[in-house]
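This report concerns only the one structure given below.
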Amino acid sequence: MNRHIIIGLCLVGALLAGVSATAADTTPGADGRKLEKATFAGGCFWCMEEALDKVEGVVSTTSGYTGGRKANPTYEDVSAGGTGHAEAVVILYDPATVTYARILDVFWRNIDPTQPNAQFCDHGNQYRSAIFYHDGTQKRLAEDSKNALEKSKPFAGAIATETVPASVFYPAEEYHQNFYQKNPVRYKVYKYGCGRAQRLQELWGKKE
């Protein structure tokens, strides 16, 4: 079962303007809190939104495209391959509530790090897993977490997840945002059919 078949290829709405990674990585929240930015690719961005939204201290998640060459790509462009972009999620989080290291741990446990240029049933470099770091601290923590996982991993196989600098992030079409909340039945059909939950349990064991 492929989510592209489920939702069809129809694109709705205009694509929002790209967000530059060179912009400030701290953002004032509505209540005055200083929020920080993090960007991850883990295959289907619907699934990454669901996983990261559950983390206490994560204020928002936005699905989109990053890491490629084409400016202002559409979902159809990216899903066809050839743009170099990955489906990704940018999050804003409150560092007073949750650490970047904690978010990294959640990220790892919601992907299959052993798949190069794929995640679960979705194949192609647009579904690769990657950590897009925004500064030197994120780079160090990301590389440290990857190295630690290589030593302690509970699964066989090398880790294929990239650690690369963040670049321009293009928010996806509005119908992709919070898809798991807007279309819960379709989302569950896709997620189950793709084998995501089953494979995550094989890799990491049952969730705590």
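Naming scheme: A, B, ... for chains in displayed order of the structure tokens; residues 1 onward per chain; ligands 1 onward as shown.
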Counting only C-alpha atoms, which residues of segment 99-173 of chain A sit at most 10 Å from some atom of segment 31-45 of chain A, and what is each one's closest atom pair with its distance in Å to one decimal, listed by chain and rising residue number, as a tab-separated table?
```
residue	atom	partner	partner_atom	distance
A:Thr99	CA	A:Glu36	CA	10.0
A:Tyr100	CA	A:Ala38	CA	8.0
A:Ile103	CA	A:Ala38	CA	8.8
A:Leu104	CA	A:Phe40	CA	9.1
A:Phe107	CA	A:Phe40	CA	7.7
A:Trp108	CA	A:Gly42	CA	8.8
A:Asn110	CA	A:Gly42	CA	7.7
A:Ile111	CA	A:Gly42	CA	5.7
A:Asp112	CA	A:Gly42	CA	8.1
A:Pro113	CA	A:Gly42	CA	8.8
A:Asn117	CA	A:Gly43	CA	9.0
A:Ala118	CA	A:Gly43	CA	6.8
A:Gln119	CA	A:Gly43	CA	5.0
A:Phe120	CA	A:Gly43	CA	7.8
A:Cys121	CA	A:Gly43	CA	9.2
A:Asp122	CA	A:Gly43	CA	7.1
A:His123	CA	A:Gly43	CA	8.7
A:Gly124	CA	A:Gly43	CA	9.6
A:Asn125	CA	A:Gly43	CA	9.3
A:Gln126	CA	A:Gly43	CA	7.6
A:Tyr127	CA	A:Gly43	CA	4.3
A:Arg128	CA	A:Gly43	CA	6.0
A:Ser129	CA	A:Gly42	CA	4.4
A:Ala130	CA	A:Ala41	CA	4.9
A:Ile131	CA	A:Phe40	CA	4.8
A:Phe132	CA	A:Thr39	CA	5.3
A:Tyr133	CA	A:Thr39	CA	6.9
A:His134	CA	A:Ala38	CA	6.9
A:Asp135	CA	A:Ala38	CA	9.8
A:Gln138	CA	A:Ala38	CA	8.4
A:Thr161	CA	A:Gly42	CA	8.9
A:Glu162	CA	A:Ala41	CA	9.3
A:Thr163	CA	A:Phe40	CA	9.6
A:Pro165	CA	A:Thr39	CA	9.8
A:Ala166	CA	A:Thr39	CA	7.3
A:Ser167	CA	A:Thr39	CA	9.7
A:Phe169	CA	A:Thr39	CA	8.9
A:Ala172	CA	A:Phe45	CA	9.6
```
Write the selection just made, keeping C-alpha atoms, as a PDB file, in the first residue's frame?
```
ATOM      1  CA  THR A  99      17.121  19.085  24.692  1.00  0.00           C
ATOM      2  CA  TYR A 100      18.302  18.573  21.143  1.00  0.00           C
ATOM      3  CA  ILE A 103      14.934  14.975  20.101  1.00  0.00           C
ATOM      4  CA  LEU A 104      17.746  13.109  18.337  1.00  0.00           C
ATOM      5  CA  PHE A 107      14.314  10.705  15.695  1.00  0.00           C
ATOM      6  CA  TRP A 108      16.537   7.615  15.643  1.00  0.00           C
ATOM      7  CA  ASN A 110      11.330   6.408  14.535  1.00  0.00           C
ATOM      8  CA  ILE A 111      13.409   5.577  11.465  1.00  0.00           C
ATOM      9  CA  ASP A 112      15.202   2.603   9.966  1.00  0.00           C
ATOM     10  CA  PRO A 113      18.823   3.823   9.987  1.00  0.00           C
ATOM     11  CA  ASN A 117      17.902   6.103   0.027  1.00  0.00           C
ATOM     12  CA  ALA A 118      14.709   4.585   1.395  1.00  0.00           C
ATOM     13  CA  GLN A 119      12.485   4.282   4.440  1.00  0.00           C
ATOM     14  CA  PHE A 120      10.223   1.279   4.861  1.00  0.00           C
ATOM     15  CA  CYS A 121       8.072   0.895   1.700  1.00  0.00           C
ATOM     16  CA  ASP A 122       9.153   4.215   0.158  1.00  0.00           C
ATOM     17  CA  HIS A 123      12.250   4.063  -2.037  1.00  0.00           C
ATOM     18  CA  GLY A 124      14.373   6.743  -3.681  1.00  0.00           C
ATOM     19  CA  ASN A 125      16.722   9.397  -2.314  1.00  0.00           C
ATOM     20  CA  GLN A 126      13.728  11.636  -1.625  1.00  0.00           C
ATOM     21  CA  TYR A 127      12.969   9.210   1.243  1.00  0.00           C
ATOM     22  CA  ARG A 128      16.486   9.045   2.654  1.00  0.00           C
ATOM     23  CA  SER A 129      17.044   9.601   6.359  1.00  0.00           C
ATOM     24  CA  ALA A 130      19.115  12.599   7.378  1.00  0.00           C
ATOM     25  CA  ILE A 131      19.884  15.004  10.186  1.00  0.00           C
ATOM     26  CA  PHE A 132      20.171  18.553   8.852  1.00  0.00           C
ATOM     27  CA  TYR A 133      22.145  20.480  11.464  1.00  0.00           C
ATOM     28  CA  HIS A 134      21.724  24.240  11.882  1.00  0.00           C
ATOM     29  CA  ASP A 135      24.899  25.064  13.810  1.00  0.00           C
ATOM     30  CA  GLN A 138      23.800  20.460  16.510  1.00  0.00           C
ATOM     31  CA  THR A 161      21.609   8.134   7.884  1.00  0.00           C
ATOM     32  CA  GLU A 162      23.288  11.327   6.664  1.00  0.00           C
ATOM     33  CA  THR A 163      24.476  14.191   8.867  1.00  0.00           C
ATOM     34  CA  PRO A 165      24.233  21.068   6.912  1.00  0.00           C
ATOM     35  CA  ALA A 166      20.726  22.488   6.749  1.00  0.00           C
ATOM     36  CA  SER A 167      19.857  24.330   3.543  1.00  0.00           C
ATOM     37  CA  PHE A 169      13.596  24.396   3.444  1.00  0.00           C
ATOM     38  CA  ALA A 172       5.024  21.306   1.600  1.00  0.00           C
TER      39      ALA A 172
END
```
### Message
According to DSSP computed on the backbone, where in segment 132-186 of chain A is there strand (DSSP E)? Give the residues as a ChimeraX atom specification.
### Response
/A:132-133,162-165,169-171
### Query
Leaving out segment 62-73 of chain A and any residue of its chain fewer than 2 positions from it, which residues lie within 9 Å of it when counting only C-alpha atoms, given as a VMD selection string?
chain A and resid 15 to 18 41 45 to 46 48 to 49 60 75 to 78 82 to 92 126 132 164 to 173 176 to 178
For C-alpha atoms, I'd like the residues from the last selection saved as an mmCIF file, in the first residue's frame.
```cif
data_model
loop_
_atom_site.group_PDB
_atom_site.id
_atom_site.type_symbol
_atom_site.label_atom_id
_atom_site.label_comp_id
_atom_site.auth_asym_id
_atom_site.auth_seq_id
_atom_site.Cartn_x
_atom_site.Cartn_y
_atom_site.Cartn_z
ATOM 1 C CA LEU A 15 3.574 26.196 -2.321
ATOM 2 C CA LEU A 16 4.698 28.486 0.467
ATOM 3 C CA ALA A 17 7.945 30.407 0.054
ATOM 4 C CA GLY A 18 11.155 28.571 0.952
ATOM 5 C CA ALA A 41 14.319 13.551 7.195
ATOM 6 C CA PHE A 45 7.005 13.380 6.560
ATOM 7 C CA TRP A 46 3.489 12.579 7.779
ATOM 8 C CA MET A 48 7.806 12.146 11.278
ATOM 9 C CA GLU A 49 5.330 14.876 12.186
ATOM 10 C CA SER A 60 5.422 22.993 16.019
ATOM 11 C CA TYR A 75 5.238 17.302 -4.046
ATOM 12 C CA GLU A 76 4.927 15.878 -7.545
ATOM 13 C CA ASP A 77 8.465 17.075 -8.381
ATOM 14 C CA VAL A 78 9.997 15.566 -5.258
ATOM 15 C CA GLY A 82 15.605 13.859 -9.488
ATOM 16 C CA THR A 83 15.317 17.074 -7.440
ATOM 17 C CA GLY A 84 17.781 15.953 -4.765
ATOM 18 C CA HIS A 85 15.304 17.016 -2.091
ATOM 19 C CA ALA A 86 14.225 14.786 0.773
ATOM 20 C CA GLU A 87 10.859 14.801 2.471
ATOM 21 C CA ALA A 88 11.686 16.431 5.784
ATOM 22 C CA VAL A 89 10.233 18.040 8.880
ATOM 23 C CA VAL A 90 11.416 21.254 10.504
ATOM 24 C CA ILE A 91 10.491 21.660 14.147
ATOM 25 C CA LEU A 92 10.502 24.501 16.620
ATOM 26 C CA GLN A 126 13.728 11.636 -1.625
ATOM 27 C CA PHE A 132 20.171 18.553 8.852
ATOM 28 C CA VAL A 164 24.573 17.281 6.657
ATOM 29 C CA PRO A 165 24.233 21.068 6.912
ATOM 30 C CA ALA A 166 20.726 22.488 6.749
ATOM 31 C CA SER A 167 19.857 24.330 3.543
ATOM 32 C CA VAL A 168 16.772 26.072 2.180
ATOM 33 C CA PHE A 169 13.596 24.396 3.444
ATOM 34 C CA TYR A 170 10.471 24.557 1.288
ATOM 35 C CA PRO A 171 7.240 23.931 3.217
ATOM 36 C CA ALA A 172 5.024 21.306 1.600
ATOM 37 C CA GLU A 173 1.524 21.948 0.324
ATOM 38 C CA HIS A 176 0.352 17.575 3.820
ATOM 39 C CA GLN A 177 0.582 19.586 7.040
ATOM 40 C CA ASN A 178 -0.689 17.582 10.043
#
```
